Structure formats: C-alpha cells, structure tokens
>>> print(open('data-v8.txt').read())   # compact mmCIF, N, CA and C atoms
# COMPACT_ATOMS: atom_id res chain seq x y z
N MET R 295 0.84 -1.18 0.00
CA MET R 295 0.00 0.00 0.00
C MET R 295 0.89 1.25 0.00
N THR R 296 0.56 2.19 -0.84
CA THR R 296 1.33 3.43 -0.94
C THR R 296 1.03 4.34 0.24
N ARG R 297 2.08 4.95 0.76
CA ARG R 297 1.90 5.91 1.84
C ARG R 297 1.17 7.15 1.33
N PRO R 298 0.59 7.93 2.24
CA PRO R 298 -0.05 9.18 1.80
C PRO R 298 0.94 10.08 1.05
N ILE R 299 0.46 10.78 0.06
CA ILE R 299 1.31 11.62 -0.79
C ILE R 299 2.08 12.65 0.03
N THR R 300 1.47 13.16 1.10
CA THR R 300 2.18 14.14 1.94
C THR R 300 3.37 13.50 2.65
N GLN R 301 3.27 12.23 2.98
CA GLN R 301 4.38 11.53 3.61
C GLN R 301 5.52 11.29 2.61
N ILE R 302 5.15 11.03 1.37
CA ILE R 302 6.16 10.86 0.32
C ILE R 302 6.89 12.19 0.10
N GLY R 303 6.12 13.27 0.03
CA GLY R 303 6.72 14.60 -0.12
C GLY R 303 7.64 14.94 1.04
N LEU R 304 7.21 14.59 2.25
CA LEU R 304 8.04 14.84 3.44
C LEU R 304 9.32 14.02 3.38
N ALA R 305 9.25 12.81 2.88
CA ALA R 305 10.45 11.97 2.76
C ALA R 305 11.46 12.60 1.80
N VAL R 306 10.97 13.17 0.70
CA VAL R 306 11.86 13.87 -0.25
C VAL R 306 12.54 15.04 0.46
N LYS R 307 11.76 15.79 1.22
CA LYS R 307 12.32 16.94 1.95
C LYS R 307 13.35 16.48 2.99
N ARG R 308 13.07 15.38 3.67
CA ARG R 308 14.02 14.87 4.66
C ARG R 308 15.32 14.42 4.02
N LEU R 309 15.23 13.80 2.86
CA LEU R 309 16.44 13.40 2.14
C LEU R 309 17.25 14.63 1.75
N GLN R 310 16.57 15.65 1.25
CA GLN R 310 17.25 16.89 0.89
C GLN R 310 17.91 17.52 2.12
N HIS R 311 17.20 17.54 3.22
CA HIS R 311 17.73 18.11 4.46
C HIS R 311 18.97 17.33 4.92
N ARG R 312 18.90 16.01 4.82
CA ARG R 312 20.06 15.18 5.21
C ARG R 312 21.25 15.51 4.32
N HIS R 313 21.03 15.67 3.02
CA HIS R 313 22.12 16.04 2.11
C HIS R 313 22.70 17.40 2.49
N HIS R 314 21.84 18.34 2.82
CA HIS R 314 22.32 19.68 3.18
C HIS R 314 23.16 19.65 4.45
N ARG R 315 22.69 18.95 5.47
CA ARG R 315 23.45 18.87 6.72
C ARG R 315 24.80 18.21 6.50
N ALA R 316 24.80 17.08 5.80
CA ALA R 316 26.06 16.36 5.55
C ALA R 316 27.01 17.19 4.68
N SER R 317 26.45 17.88 3.70
CA SER R 317 27.28 18.72 2.82
C SER R 317 27.88 19.89 3.58
N ASP R 318 27.08 20.56 4.39
CA ASP R 318 27.60 21.67 5.19
C ASP R 318 28.72 21.20 6.11
N ALA R 319 28.53 20.06 6.74
CA ALA R 319 29.55 19.53 7.64
C ALA R 319 30.84 19.21 6.88
N ALA R 320 30.70 18.60 5.71
CA ALA R 320 31.87 18.23 4.92
C ALA R 320 32.59 19.45 4.35
N LEU R 321 31.83 20.47 3.94
CA LEU R 321 32.42 21.68 3.37
C LEU R 321 33.03 22.60 4.42
N ALA R 322 32.64 22.44 5.67
CA ALA R 322 33.14 23.30 6.75
C ALA R 322 34.67 23.26 6.83
N GLY R 323 35.24 22.11 6.49
CA GLY R 323 36.70 21.99 6.51
C GLY R 323 37.39 22.92 5.51
N PHE R 324 36.67 23.36 4.50
CA PHE R 324 37.20 24.29 3.51
C PHE R 324 36.85 25.74 3.86
N GLY R 325 36.06 25.91 4.92
CA GLY R 325 35.67 27.25 5.33
C GLY R 325 34.53 27.84 4.52
N ILE R 326 33.73 26.97 3.87
CA ILE R 326 32.58 27.45 3.12
C ILE R 326 31.34 26.63 3.48
N SER R 327 30.20 27.19 3.16
CA SER R 327 28.94 26.50 3.39
C SER R 327 28.42 25.95 2.07
N LEU R 328 27.39 25.12 2.15
CA LEU R 328 26.76 24.61 0.94
C LEU R 328 26.19 25.76 0.11
N VAL R 329 25.61 26.75 0.75
CA VAL R 329 25.04 27.90 0.03
C VAL R 329 26.14 28.62 -0.76
N GLN R 330 27.30 28.80 -0.13
CA GLN R 330 28.41 29.47 -0.82
C GLN R 330 28.93 28.61 -1.98
N TRP R 331 29.07 27.30 -1.72
CA TRP R 331 29.55 26.42 -2.79
C TRP R 331 28.57 26.42 -3.96
N ASP R 332 27.28 26.38 -3.66
CA ASP R 332 26.26 26.38 -4.71
C ASP R 332 26.37 27.66 -5.55
N ALA R 333 26.61 28.78 -4.91
CA ALA R 333 26.80 30.04 -5.64
C ALA R 333 28.03 29.95 -6.54
N LEU R 334 29.12 29.42 -6.01
CA LEU R 334 30.33 29.26 -6.83
C LEU R 334 30.05 28.37 -8.04
N ARG R 335 29.33 27.28 -7.82
CA ARG R 335 29.00 26.37 -8.91
C ARG R 335 28.20 27.08 -10.00
N HIS R 336 27.17 27.81 -9.60
CA HIS R 336 26.31 28.46 -10.60
C HIS R 336 27.00 29.62 -11.30
N ILE R 337 27.86 30.32 -10.61
CA ILE R 337 28.63 31.39 -11.26
C ILE R 337 29.55 30.77 -12.32
N ALA R 338 30.19 29.66 -11.97
CA ALA R 338 31.09 28.99 -12.92
C ALA R 338 30.33 28.42 -14.11
N GLU R 339 29.15 27.84 -13.86
CA GLU R 339 28.38 27.19 -14.92
C GLU R 339 27.60 28.18 -15.79
N ASN R 340 27.45 29.41 -15.32
CA ASN R 340 26.63 30.40 -16.04
C ASN R 340 27.38 31.72 -16.18
N PRO R 341 28.48 31.71 -16.95
CA PRO R 341 29.25 32.96 -17.08
C PRO R 341 28.38 34.07 -17.68
N GLY R 342 28.49 35.23 -17.10
CA GLY R 342 27.73 36.37 -17.59
C GLY R 342 26.31 36.44 -17.06
N ALA R 343 25.91 35.51 -16.18
CA ALA R 343 24.55 35.53 -15.64
C ALA R 343 24.36 36.77 -14.76
N SER R 344 23.16 37.30 -14.81
CA SER R 344 22.84 38.46 -13.97
C SER R 344 22.68 38.02 -12.52
N LEU R 345 22.71 38.96 -11.62
CA LEU R 345 22.48 38.67 -10.21
C LEU R 345 21.11 38.03 -10.03
N HIS R 346 20.11 38.53 -10.73
CA HIS R 346 18.77 37.96 -10.65
C HIS R 346 18.75 36.50 -11.08
N ASP R 347 19.42 36.20 -12.19
CA ASP R 347 19.48 34.81 -12.66
C ASP R 347 20.17 33.92 -11.64
N LEU R 348 21.27 34.40 -11.07
CA LEU R 348 22.00 33.61 -10.07
C LEU R 348 21.16 33.41 -8.82
N ALA R 349 20.40 34.42 -8.44
CA ALA R 349 19.51 34.28 -7.29
C ALA R 349 18.49 33.18 -7.54
N GLN R 350 17.91 33.17 -8.72
CA GLN R 350 16.92 32.13 -9.04
C GLN R 350 17.55 30.74 -9.06
N LEU R 351 18.73 30.63 -9.64
CA LEU R 351 19.40 29.33 -9.72
C LEU R 351 19.74 28.76 -8.34
N THR R 352 19.99 29.66 -7.39
CA THR R 352 20.38 29.23 -6.03
C THR R 352 19.22 29.30 -5.04
N PHE R 353 17.99 29.49 -5.54
CA PHE R 353 16.79 29.52 -4.70
C PHE R 353 16.84 30.62 -3.64
N GLN R 354 17.33 31.80 -4.05
CA GLN R 354 17.40 32.94 -3.14
C GLN R 354 16.69 34.13 -3.75
N SER R 355 16.42 35.11 -2.90
CA SER R 355 15.92 36.38 -3.41
C SER R 355 17.09 37.15 -4.01
N ASP R 356 16.77 38.16 -4.81
CA ASP R 356 17.83 39.01 -5.36
C ASP R 356 18.64 39.65 -4.24
N GLN R 357 17.94 40.13 -3.22
CA GLN R 357 18.63 40.77 -2.10
C GLN R 357 19.51 39.76 -1.35
N GLY R 358 18.98 38.57 -1.15
CA GLY R 358 19.75 37.54 -0.46
C GLY R 358 21.01 37.16 -1.21
N PHE R 359 20.88 37.01 -2.53
CA PHE R 359 22.06 36.66 -3.31
C PHE R 359 23.04 37.82 -3.35
N GLY R 360 22.53 39.05 -3.41
CA GLY R 360 23.42 40.21 -3.38
C GLY R 360 24.24 40.27 -2.10
N THR R 361 23.60 39.98 -0.98
CA THR R 361 24.31 39.96 0.30
C THR R 361 25.36 38.85 0.31
N LEU R 362 24.97 37.67 -0.17
CA LEU R 362 25.91 36.55 -0.25
C LEU R 362 27.09 36.91 -1.15
N ALA R 363 26.81 37.50 -2.31
CA ALA R 363 27.88 37.87 -3.24
C ALA R 363 28.82 38.88 -2.60
N ASN R 364 28.29 39.84 -1.85
CA ASN R 364 29.16 40.81 -1.17
C ASN R 364 30.12 40.11 -0.23
N ARG R 365 29.61 39.16 0.55
CA ARG R 365 30.47 38.43 1.49
C ARG R 365 31.52 37.61 0.73
N MET R 366 31.12 37.06 -0.41
CA MET R 366 32.07 36.24 -1.17
C MET R 366 33.13 37.09 -1.87
N VAL R 367 32.77 38.31 -2.24
CA VAL R 367 33.77 39.24 -2.77
C VAL R 367 34.77 39.59 -1.67
N GLU R 368 34.25 39.89 -0.47
CA GLU R 368 35.11 40.23 0.66
C GLU R 368 36.08 39.11 1.01
N ARG R 369 35.63 37.87 0.85
CA ARG R 369 36.48 36.71 1.18
C ARG R 369 37.39 36.31 0.02
N GLY R 370 37.25 36.98 -1.11
CA GLY R 370 38.12 36.71 -2.25
C GLY R 370 37.74 35.50 -3.07
N PHE R 371 36.47 35.08 -3.00
CA PHE R 371 36.00 33.92 -3.76
C PHE R 371 35.52 34.29 -5.15
N ILE R 372 34.95 35.48 -5.27
CA ILE R 372 34.44 35.96 -6.56
C ILE R 372 34.85 37.41 -6.73
N GLU R 373 34.74 37.88 -7.96
CA GLU R 373 34.96 39.29 -8.24
C GLU R 373 33.87 39.77 -9.17
N ARG R 374 33.66 41.05 -9.13
CA ARG R 374 32.64 41.66 -9.98
C ARG R 374 33.33 42.27 -11.19
N ILE R 375 32.69 42.09 -12.33
CA ILE R 375 33.21 42.67 -13.57
C ILE R 375 32.08 43.43 -14.25
N ALA R 376 32.46 44.41 -15.04
CA ALA R 376 31.45 45.21 -15.74
C ALA R 376 30.76 44.36 -16.80
N GLY R 377 29.45 44.51 -16.84
CA GLY R 377 28.65 43.84 -17.87
C GLY R 377 28.12 44.88 -18.83
N PRO R 378 27.16 44.52 -19.65
CA PRO R 378 26.59 45.49 -20.58
C PRO R 378 25.85 46.60 -19.83
N GLY R 379 26.02 47.81 -20.28
CA GLY R 379 25.35 48.95 -19.63
C GLY R 379 25.83 49.10 -18.20
N ARG R 380 24.87 49.16 -17.28
CA ARG R 380 25.22 49.31 -15.87
C ARG R 380 25.30 47.96 -15.16
N ALA R 381 25.09 46.90 -15.88
CA ALA R 381 25.07 45.56 -15.27
C ALA R 381 26.43 45.18 -14.72
N VAL R 382 26.38 44.42 -13.65
CA VAL R 382 27.57 43.88 -13.03
C VAL R 382 27.46 42.36 -13.09
N ARG R 383 28.53 41.72 -13.47
CA ARG R 383 28.57 40.26 -13.55
C ARG R 383 29.56 39.74 -12.51
N HIS R 384 29.48 38.47 -12.24
CA HIS R 384 30.36 37.86 -11.24
C HIS R 384 31.18 36.77 -11.90
N GLN R 385 32.40 36.61 -11.42
CA GLN R 385 33.23 35.51 -11.88
C GLN R 385 34.06 35.02 -10.71
N LEU R 386 34.47 33.77 -10.81
CA LEU R 386 35.26 33.17 -9.74
C LEU R 386 36.68 33.69 -9.78
N THR R 387 37.24 33.87 -8.60
CA THR R 387 38.67 34.13 -8.50
C THR R 387 39.38 32.77 -8.54
N GLU R 388 40.69 32.79 -8.55
CA GLU R 388 41.44 31.52 -8.51
C GLU R 388 41.07 30.74 -7.25
N ARG R 389 40.97 31.43 -6.14
CA ARG R 389 40.58 30.77 -4.88
C ARG R 389 39.15 30.23 -4.96
N GLY R 390 38.26 30.99 -5.54
CA GLY R 390 36.88 30.54 -5.70
C GLY R 390 36.78 29.29 -6.56
N GLU R 391 37.55 29.23 -7.63
CA GLU R 391 37.55 28.04 -8.50
C GLU R 391 38.12 26.84 -7.75
N GLN R 392 39.15 27.07 -6.97
CA GLN R 392 39.73 25.98 -6.17
C GLN R 392 38.70 25.43 -5.19
N LEU R 393 37.98 26.30 -4.51
CA LEU R 393 36.95 25.88 -3.56
C LEU R 393 35.79 25.17 -4.27
N ARG R 394 35.42 25.66 -5.45
CA ARG R 394 34.35 25.02 -6.21
C ARG R 394 34.74 23.59 -6.57
N ALA R 395 35.96 23.43 -7.07
CA ALA R 395 36.43 22.11 -7.50
C ALA R 395 36.57 21.15 -6.30
N GLU R 396 37.14 21.62 -5.21
CA GLU R 396 37.29 20.78 -4.02
C GLU R 396 35.92 20.42 -3.45
N GLY R 397 35.02 21.40 -3.43
CA GLY R 397 33.67 21.17 -2.94
C GLY R 397 32.91 20.17 -3.79
N GLN R 398 33.14 20.20 -5.10
CA GLN R 398 32.48 19.26 -6.01
C GLN R 398 32.82 17.83 -5.61
N LYS R 399 34.09 17.58 -5.33
CA LYS R 399 34.52 16.23 -4.93
C LYS R 399 33.85 15.82 -3.62
N VAL R 400 33.80 16.75 -2.68
CA VAL R 400 33.18 16.48 -1.38
C VAL R 400 31.71 16.14 -1.55
N LEU R 401 31.01 16.94 -2.34
CA LEU R 401 29.57 16.72 -2.52
C LEU R 401 29.28 15.42 -3.27
N GLU R 402 30.12 15.08 -4.22
CA GLU R 402 29.94 13.80 -4.91
C GLU R 402 30.04 12.64 -3.92
N THR R 403 30.96 12.75 -2.98
CA THR R 403 31.13 11.71 -1.95
C THR R 403 29.92 11.66 -1.03
N VAL R 404 29.47 12.82 -0.57
CA VAL R 404 28.31 12.88 0.33
C VAL R 404 27.08 12.26 -0.32
N VAL R 405 26.79 12.65 -1.53
CA VAL R 405 25.60 12.16 -2.21
C VAL R 405 25.74 10.68 -2.57
N ALA R 406 26.93 10.27 -2.98
CA ALA R 406 27.16 8.86 -3.31
C ALA R 406 26.93 7.98 -2.08
N GLU R 407 27.39 8.44 -0.91
CA GLU R 407 27.16 7.68 0.32
C GLU R 407 25.66 7.60 0.65
N SER R 408 24.95 8.67 0.40
CA SER R 408 23.53 8.71 0.68
C SER R 408 22.76 7.72 -0.21
N PHE R 409 23.16 7.63 -1.47
CA PHE R 409 22.46 6.76 -2.42
C PHE R 409 23.06 5.36 -2.50
N ALA R 410 24.09 5.08 -1.72
CA ALA R 410 24.76 3.78 -1.77
C ALA R 410 23.83 2.59 -1.57
N PRO R 411 22.76 2.69 -0.74
CA PRO R 411 21.87 1.53 -0.60
C PRO R 411 21.11 1.16 -1.87
N LEU R 412 21.06 2.05 -2.85
CA LEU R 412 20.34 1.76 -4.09
C LEU R 412 21.25 1.05 -5.09
N SER R 413 20.69 0.10 -5.79
CA SER R 413 21.43 -0.53 -6.89
C SER R 413 21.52 0.47 -8.04
N ALA R 414 22.35 0.16 -9.01
CA ALA R 414 22.48 1.04 -10.18
C ALA R 414 21.13 1.18 -10.89
N ALA R 415 20.39 0.08 -10.99
CA ALA R 415 19.07 0.13 -11.64
C ALA R 415 18.09 0.97 -10.83
N GLU R 416 18.10 0.84 -9.51
CA GLU R 416 17.20 1.63 -8.66
C GLU R 416 17.55 3.11 -8.75
N LEU R 417 18.84 3.42 -8.78
CA LEU R 417 19.25 4.82 -8.89
C LEU R 417 18.81 5.40 -10.24
N ALA R 418 18.93 4.63 -11.30
CA ALA R 418 18.49 5.09 -12.62
C ALA R 418 16.98 5.32 -12.63
N THR R 419 16.24 4.44 -11.99
CA THR R 419 14.78 4.60 -11.91
C THR R 419 14.43 5.83 -11.09
N PHE R 420 15.11 6.01 -9.97
CA PHE R 420 14.88 7.18 -9.10
C PHE R 420 15.15 8.46 -9.90
N ASP R 421 16.24 8.49 -10.63
CA ASP R 421 16.58 9.66 -11.44
C ASP R 421 15.50 9.91 -12.49
N ALA R 422 15.07 8.86 -13.16
CA ALA R 422 14.04 9.02 -14.20
C ALA R 422 12.74 9.55 -13.60
N LEU R 423 12.38 9.05 -12.43
CA LEU R 423 11.15 9.53 -11.77
C LEU R 423 11.28 10.99 -11.36
N LEU R 424 12.43 11.37 -10.82
CA LEU R 424 12.64 12.78 -10.46
C LEU R 424 12.56 13.68 -11.69
N GLN R 425 13.20 13.26 -12.77
CA GLN R 425 13.15 14.06 -13.99
C GLN R 425 11.73 14.20 -14.51
N LYS R 426 10.96 13.15 -14.39
CA LYS R 426 9.55 13.21 -14.81
C LYS R 426 8.77 14.22 -13.98
N LEU R 427 9.05 14.27 -12.69
CA LEU R 427 8.34 15.20 -11.80
C LEU R 427 8.80 16.64 -11.99
N ILE R 428 10.05 16.81 -12.28
CA ILE R 428 10.61 18.15 -12.44
C ILE R 428 10.24 18.69 -13.80
>>> encode(input="data-v8.txt", output="structure tokens")
Amino acid sequence: MTRPITQIGLAVKRLQHRHHRASDAALAGFGISLVQWDALRHIAENPGASLHDLAQLTFQSDQGFGTLANRMVERGFIERIAGPGRAVRHQLTERGEQLRAEGQKVLETVVAESFAPLSAAELATFDALLQKLI
C-alpha cells in the first residue's frame, strides 16, 4: 500500500535536508557552506549571468544573493566585472575556483554515500522519476 502523498513529499524533503546537513559539515573543513559552494557552482556554470538569474538558480531572493555575493567578494572567492550597460557580472577568482572544485569532490562523496543503498538500476529509476516530476 502506498503511503499518503504528503508523507512521500516529506520523505523527499528529509532526504534533501540530510544532504544539506552532511554537505555543510563536509564543506566546513574548507571554510565554506553549501550555500556558498552552490553560488560558486552556478557562477562557474553560467558565465555572464545576472544577479537575478544567479539568485533564481540558487533559490534565493535578489537581495539575499546580493548579500551573499558581497560576502564572497570580501572573502576573495568571486569578483565583480562590468557587464553590458550598468550591469555587473560575477566571476570566480582563482581561490573561488579551487573551492568550487574541491567542494564538487566532497559533494559527490556525500551524495554517493547517501544513495549507496540503491542498486544502479534503482538509482536510474529514481533519477528518471525525479526528472519526470521536475
């Protein structure tokens, strides 16, 4: 018998929360949070993206991402460059790219450990189902 749909939704949220906690703990050794790493990832993957676009990609408000970007500029992870007109774009510094790459390895390990109980076929099915829902 299938559990109530709200319980299934809650299970998805719990899995996400577990990934976030484990990722934050693993990234702490590099002096960054999951939120900061995610920003580094999206800046690297979307060169020339506006602040608004980056905010949407990282599930933040424009103001929230602006505050995060300011802190990351201060820490030397990203820099601002002139864009078209009055627009400002962001790019990774050498240190920011190093943290992004190191964080990628850490997150791959965290998520792989989380999904380890699934067989390759189950993981492929899970991925296909998620893609269908998204």
>>> residues_around(input="data-v8.txt", residues="range 318-327 of chain R", least_positions_apart="4", cutoff="7 Å", atoms="all atoms listed in the file", output="PyMOL selection string")
chain R and resi 313-314+331-332+397+400
>>> select_by_dssp(input="data-v8.txt", residues="range 321-407 of chain R", states="strand (DSSP E or B)", output="VMD selection string")
chain R and resid 372 to 376 382 to 386
>>> select_by_dssp(input="data-v8.txt", residues="range 303-408 of chain R", states="alpha helix (DSSP H)", output="VMD selection string")
chain R and resid 303 to 321 328 to 339 345 to 351 356 to 368 388 to 408
>>> residues_around(input="data-v8.txt", residues="Ala381 in chain R", least_positions_apart="5", cutoff="8 Å", atoms="all atoms listed in the file", output="list in words")
Ser344, Leu345, Ile375 and Ala376 of chain R
>>> residues_near_point(input="data-v8.txt", point="(25.5, 33.6, -13.6)", cutoff="8 Å", atoms="all atoms listed in the file", output="VMD selection string")
chain R and resid 335 to 349 383 to 385
>>> write_last_selection(input="data-v8.txt", atoms="N, CA and C atoms", output="PDB file, keeping the file's coordinate frame")
ATOM      1  N   ARG R 335      29.330  27.280  -7.820  1.00  0.00           N
ATOM      2  CA  ARG R 335      29.000  26.370  -8.910  1.00  0.00           C
ATOM      3  C   ARG R 335      28.200  27.080 -10.000  1.00  0.00           C
ATOM      4  N   HIS R 336      27.170  27.810  -9.600  1.00  0.00           N
ATOM      5  CA  HIS R 336      26.310  28.460 -10.600  1.00  0.00           C
ATOM      6  C   HIS R 336      27.000  29.620 -11.300  1.00  0.00           C
ATOM      7  N   ILE R 337      27.860  30.320 -10.610  1.00  0.00           N
ATOM      8  CA  ILE R 337      28.630  31.390 -11.260  1.00  0.00           C
ATOM      9  C   ILE R 337      29.550  30.770 -12.320  1.00  0.00           C
ATOM     10  N   ALA R 338      30.190  29.660 -11.970  1.00  0.00           N
ATOM     11  CA  ALA R 338      31.090  28.990 -12.920  1.00  0.00           C
ATOM     12  C   ALA R 338      30.330  28.420 -14.110  1.00  0.00           C
ATOM     13  N   GLU R 339      29.150  27.840 -13.860  1.00  0.00           N
ATOM     14  CA  GLU R 339      28.380  27.190 -14.920  1.00  0.00           C
ATOM     15  C   GLU R 339      27.600  28.180 -15.790  1.00  0.00           C
ATOM     16  N   ASN R 340      27.450  29.410 -15.320  1.00  0.00           N
ATOM     17  CA  ASN R 340      26.630  30.400 -16.040  1.00  0.00           C
ATOM     18  C   ASN R 340      27.380  31.720 -16.180  1.00  0.00           C
ATOM     19  N   PRO R 341      28.480  31.710 -16.950  1.00  0.00           N
ATOM     20  CA  PRO R 341      29.250  32.960 -17.080  1.00  0.00           C
ATOM     21  C   PRO R 341      28.380  34.070 -17.680  1.00  0.00           C
ATOM     22  N   GLY R 342      28.490  35.230 -17.100  1.00  0.00           N
ATOM     23  CA  GLY R 342      27.730  36.370 -17.590  1.00  0.00           C
ATOM     24  C   GLY R 342      26.310  36.440 -17.060  1.00  0.00           C
ATOM     25  N   ALA R 343      25.910  35.510 -16.180  1.00  0.00           N
ATOM     26  CA  ALA R 343      24.550  35.530 -15.640  1.00  0.00           C
ATOM     27  C   ALA R 343      24.360  36.770 -14.760  1.00  0.00           C
ATOM     28  N   SER R 344      23.160  37.300 -14.810  1.00  0.00           N
ATOM     29  CA  SER R 344      22.840  38.460 -13.970  1.00  0.00           C
ATOM     30  C   SER R 344      22.680  38.020 -12.520  1.00  0.00           C
ATOM     31  N   LEU R 345      22.710  38.960 -11.620  1.00  0.00           N
ATOM     32  CA  LEU R 345      22.480  38.670 -10.210  1.00  0.00           C
ATOM     33  C   LEU R 345      21.110  38.030 -10.030  1.00  0.00           C
ATOM     34  N   HIS R 346      20.110  38.530 -10.730  1.00  0.00           N
ATOM     35  CA  HIS R 346      18.770  37.960 -10.650  1.00  0.00           C
ATOM     36  C   HIS R 346      18.750  36.500 -11.080  1.00  0.00           C
ATOM     37  N   ASP R 347      19.420  36.200 -12.190  1.00  0.00           N
ATOM     38  CA  ASP R 347      19.480  34.810 -12.660  1.00  0.00           C
ATOM     39  C   ASP R 347      20.170  33.920 -11.640  1.00  0.00           C
ATOM     40  N   LEU R 348      21.270  34.400 -11.070  1.00  0.00           N
ATOM     41  CA  LEU R 348      22.000  33.610 -10.070  1.00  0.00           C
ATOM     42  C   LEU R 348      21.160  33.410  -8.820  1.00  0.00           C
ATOM     43  N   ALA R 349      20.400  34.420  -8.440  1.00  0.00           N
ATOM     44  CA  ALA R 349      19.510  34.280  -7.290  1.00  0.00           C
ATOM     45  C   ALA R 349      18.490  33.180  -7.540  1.00  0.00           C
ATOM     46  N   ARG R 383      28.530  41.720 -13.470  1.00  0.00           N
ATOM     47  CA  ARG R 383      28.570  40.260 -13.550  1.00  0.00           C
ATOM     48  C   ARG R 383      29.560  39.740 -12.510  1.00  0.00           C
ATOM     49  N   HIS R 384      29.480  38.470 -12.240  1.00  0.00           N
ATOM     50  CA  HIS R 384      30.360  37.860 -11.240  1.00  0.00           C
ATOM     51  C   HIS R 384      31.180  36.770 -11.900  1.00  0.00           C
ATOM     52  N   GLN R 385      32.400  36.610 -11.420  1.00  0.00           N
ATOM     53  CA  GLN R 385      33.230  35.510 -11.880  1.00  0.00           C
ATOM     54  C   GLN R 385      34.060  35.020 -10.710  1.00  0.00           C
TER      55      GLN R 385
END
>>> atom_distance(input="data-v8.txt", atom1="CA of Asp421 in chain R", atom2="CA of Thr300 in chain R")
20.2 Å
>>> atom_distance(input="data-v8.txt", atom1="CA of Gln310 in chain R", atom2="CA of Val367 in chain R")
28.0 Å
>>> atom_distance(input="data-v8.txt", atom1="CA of Ala363 in chain R", atom2="CA of Gly377 in chain R")
15.8 Å
>>> decode(input="data-v8.txt", residues="range 320-371 of chain R", atoms="C-alpha atoms", output="PDB file, in the first residue's frame")
ATOM      1  CA  ALA R 320      31.873  18.230   4.917  1.00  0.00           C
ATOM      2  CA  LEU R 321      32.425  21.681   3.367  1.00  0.00           C
ATOM      3  CA  ALA R 322      33.144  23.301   6.748  1.00  0.00           C
ATOM      4  CA  GLY R 323      36.702  21.995   6.512  1.00  0.00           C
ATOM      5  CA  PHE R 324      37.205  24.294   3.512  1.00  0.00           C
ATOM      6  CA  GLY R 325      35.665  27.253   5.326  1.00  0.00           C
ATOM      7  CA  ILE R 326      32.575  27.450   3.116  1.00  0.00           C
ATOM      8  CA  SER R 327      28.937  26.496   3.393  1.00  0.00           C
ATOM      9  CA  LEU R 328      26.755  24.608   0.943  1.00  0.00           C
ATOM     10  CA  VAL R 329      25.045  27.896   0.032  1.00  0.00           C
ATOM     11  CA  GLN R 330      28.410  29.471  -0.825  1.00  0.00           C
ATOM     12  CA  TRP R 331      29.547  26.419  -2.786  1.00  0.00           C
ATOM     13  CA  ASP R 332      26.265  26.382  -4.714  1.00  0.00           C
ATOM     14  CA  ALA R 333      26.798  30.039  -5.645  1.00  0.00           C
ATOM     15  CA  LEU R 334      30.334  29.257  -6.827  1.00  0.00           C
ATOM     16  CA  ARG R 335      29.000  26.366  -8.912  1.00  0.00           C
ATOM     17  CA  HIS R 336      26.308  28.456 -10.603  1.00  0.00           C
ATOM     18  CA  ILE R 337      28.629  31.392 -11.262  1.00  0.00           C
ATOM     19  CA  ALA R 338      31.087  28.989 -12.919  1.00  0.00           C
ATOM     20  CA  GLU R 339      28.379  27.193 -14.921  1.00  0.00           C
ATOM     21  CA  ASN R 340      26.633  30.401 -16.039  1.00  0.00           C
ATOM     22  CA  PRO R 341      29.245  32.962 -17.084  1.00  0.00           C
ATOM     23  CA  GLY R 342      27.726  36.369 -17.586  1.00  0.00           C
ATOM     24  CA  ALA R 343      24.553  35.527 -15.638  1.00  0.00           C
ATOM     25  CA  SER R 344      22.842  38.464 -13.967  1.00  0.00           C
ATOM     26  CA  LEU R 345      22.484  38.672 -10.211  1.00  0.00           C
ATOM     27  CA  HIS R 346      18.769  37.964 -10.645  1.00  0.00           C
ATOM     28  CA  ASP R 347      19.482  34.815 -12.662  1.00  0.00           C
ATOM     29  CA  LEU R 348      22.004  33.614 -10.074  1.00  0.00           C
ATOM     30  CA  ALA R 349      19.511  34.280  -7.287  1.00  0.00           C
ATOM     31  CA  GLN R 350      16.919  32.129  -9.040  1.00  0.00           C
ATOM     32  CA  LEU R 351      19.398  29.327  -9.725  1.00  0.00           C
ATOM     33  CA  THR R 352      20.379  29.231  -6.034  1.00  0.00           C
ATOM     34  CA  PHE R 353      16.792  29.516  -4.697  1.00  0.00           C
ATOM     35  CA  GLN R 354      17.403  32.935  -3.136  1.00  0.00           C
ATOM     36  CA  SER R 355      15.918  36.375  -3.410  1.00  0.00           C
ATOM     37  CA  ASP R 356      17.825  39.009  -5.357  1.00  0.00           C
ATOM     38  CA  GLN R 357      18.629  40.769  -2.096  1.00  0.00           C
ATOM     39  CA  GLY R 358      19.748  37.543  -0.455  1.00  0.00           C
ATOM     40  CA  PHE R 359      22.063  36.658  -3.309  1.00  0.00           C
ATOM     41  CA  GLY R 360      23.421  40.215  -3.379  1.00  0.00           C
ATOM     42  CA  THR R 361      24.313  39.956   0.304  1.00  0.00           C
ATOM     43  CA  LEU R 362      25.910  36.549  -0.255  1.00  0.00           C
ATOM     44  CA  ALA R 363      27.875  37.873  -3.244  1.00  0.00           C
ATOM     45  CA  ASN R 364      29.159  40.811  -1.170  1.00  0.00           C
ATOM     46  CA  ARG R 365      30.472  38.429   1.488  1.00  0.00           C
ATOM     47  CA  MET R 366      32.065  36.241  -1.174  1.00  0.00           C
ATOM     48  CA  VAL R 367      33.768  39.238  -2.769  1.00  0.00           C
ATOM     49  CA  GLU R 368      35.112  40.234   0.663  1.00  0.00           C
ATOM     50  CA  ARG R 369      36.483  36.713   1.177  1.00  0.00           C
ATOM     51  CA  GLY R 370      38.122  36.708  -2.250  1.00  0.00           C
ATOM     52  CA  PHE R 371      36.002  33.919  -3.757  1.00  0.00           C
TER      53      PHE R 371
END
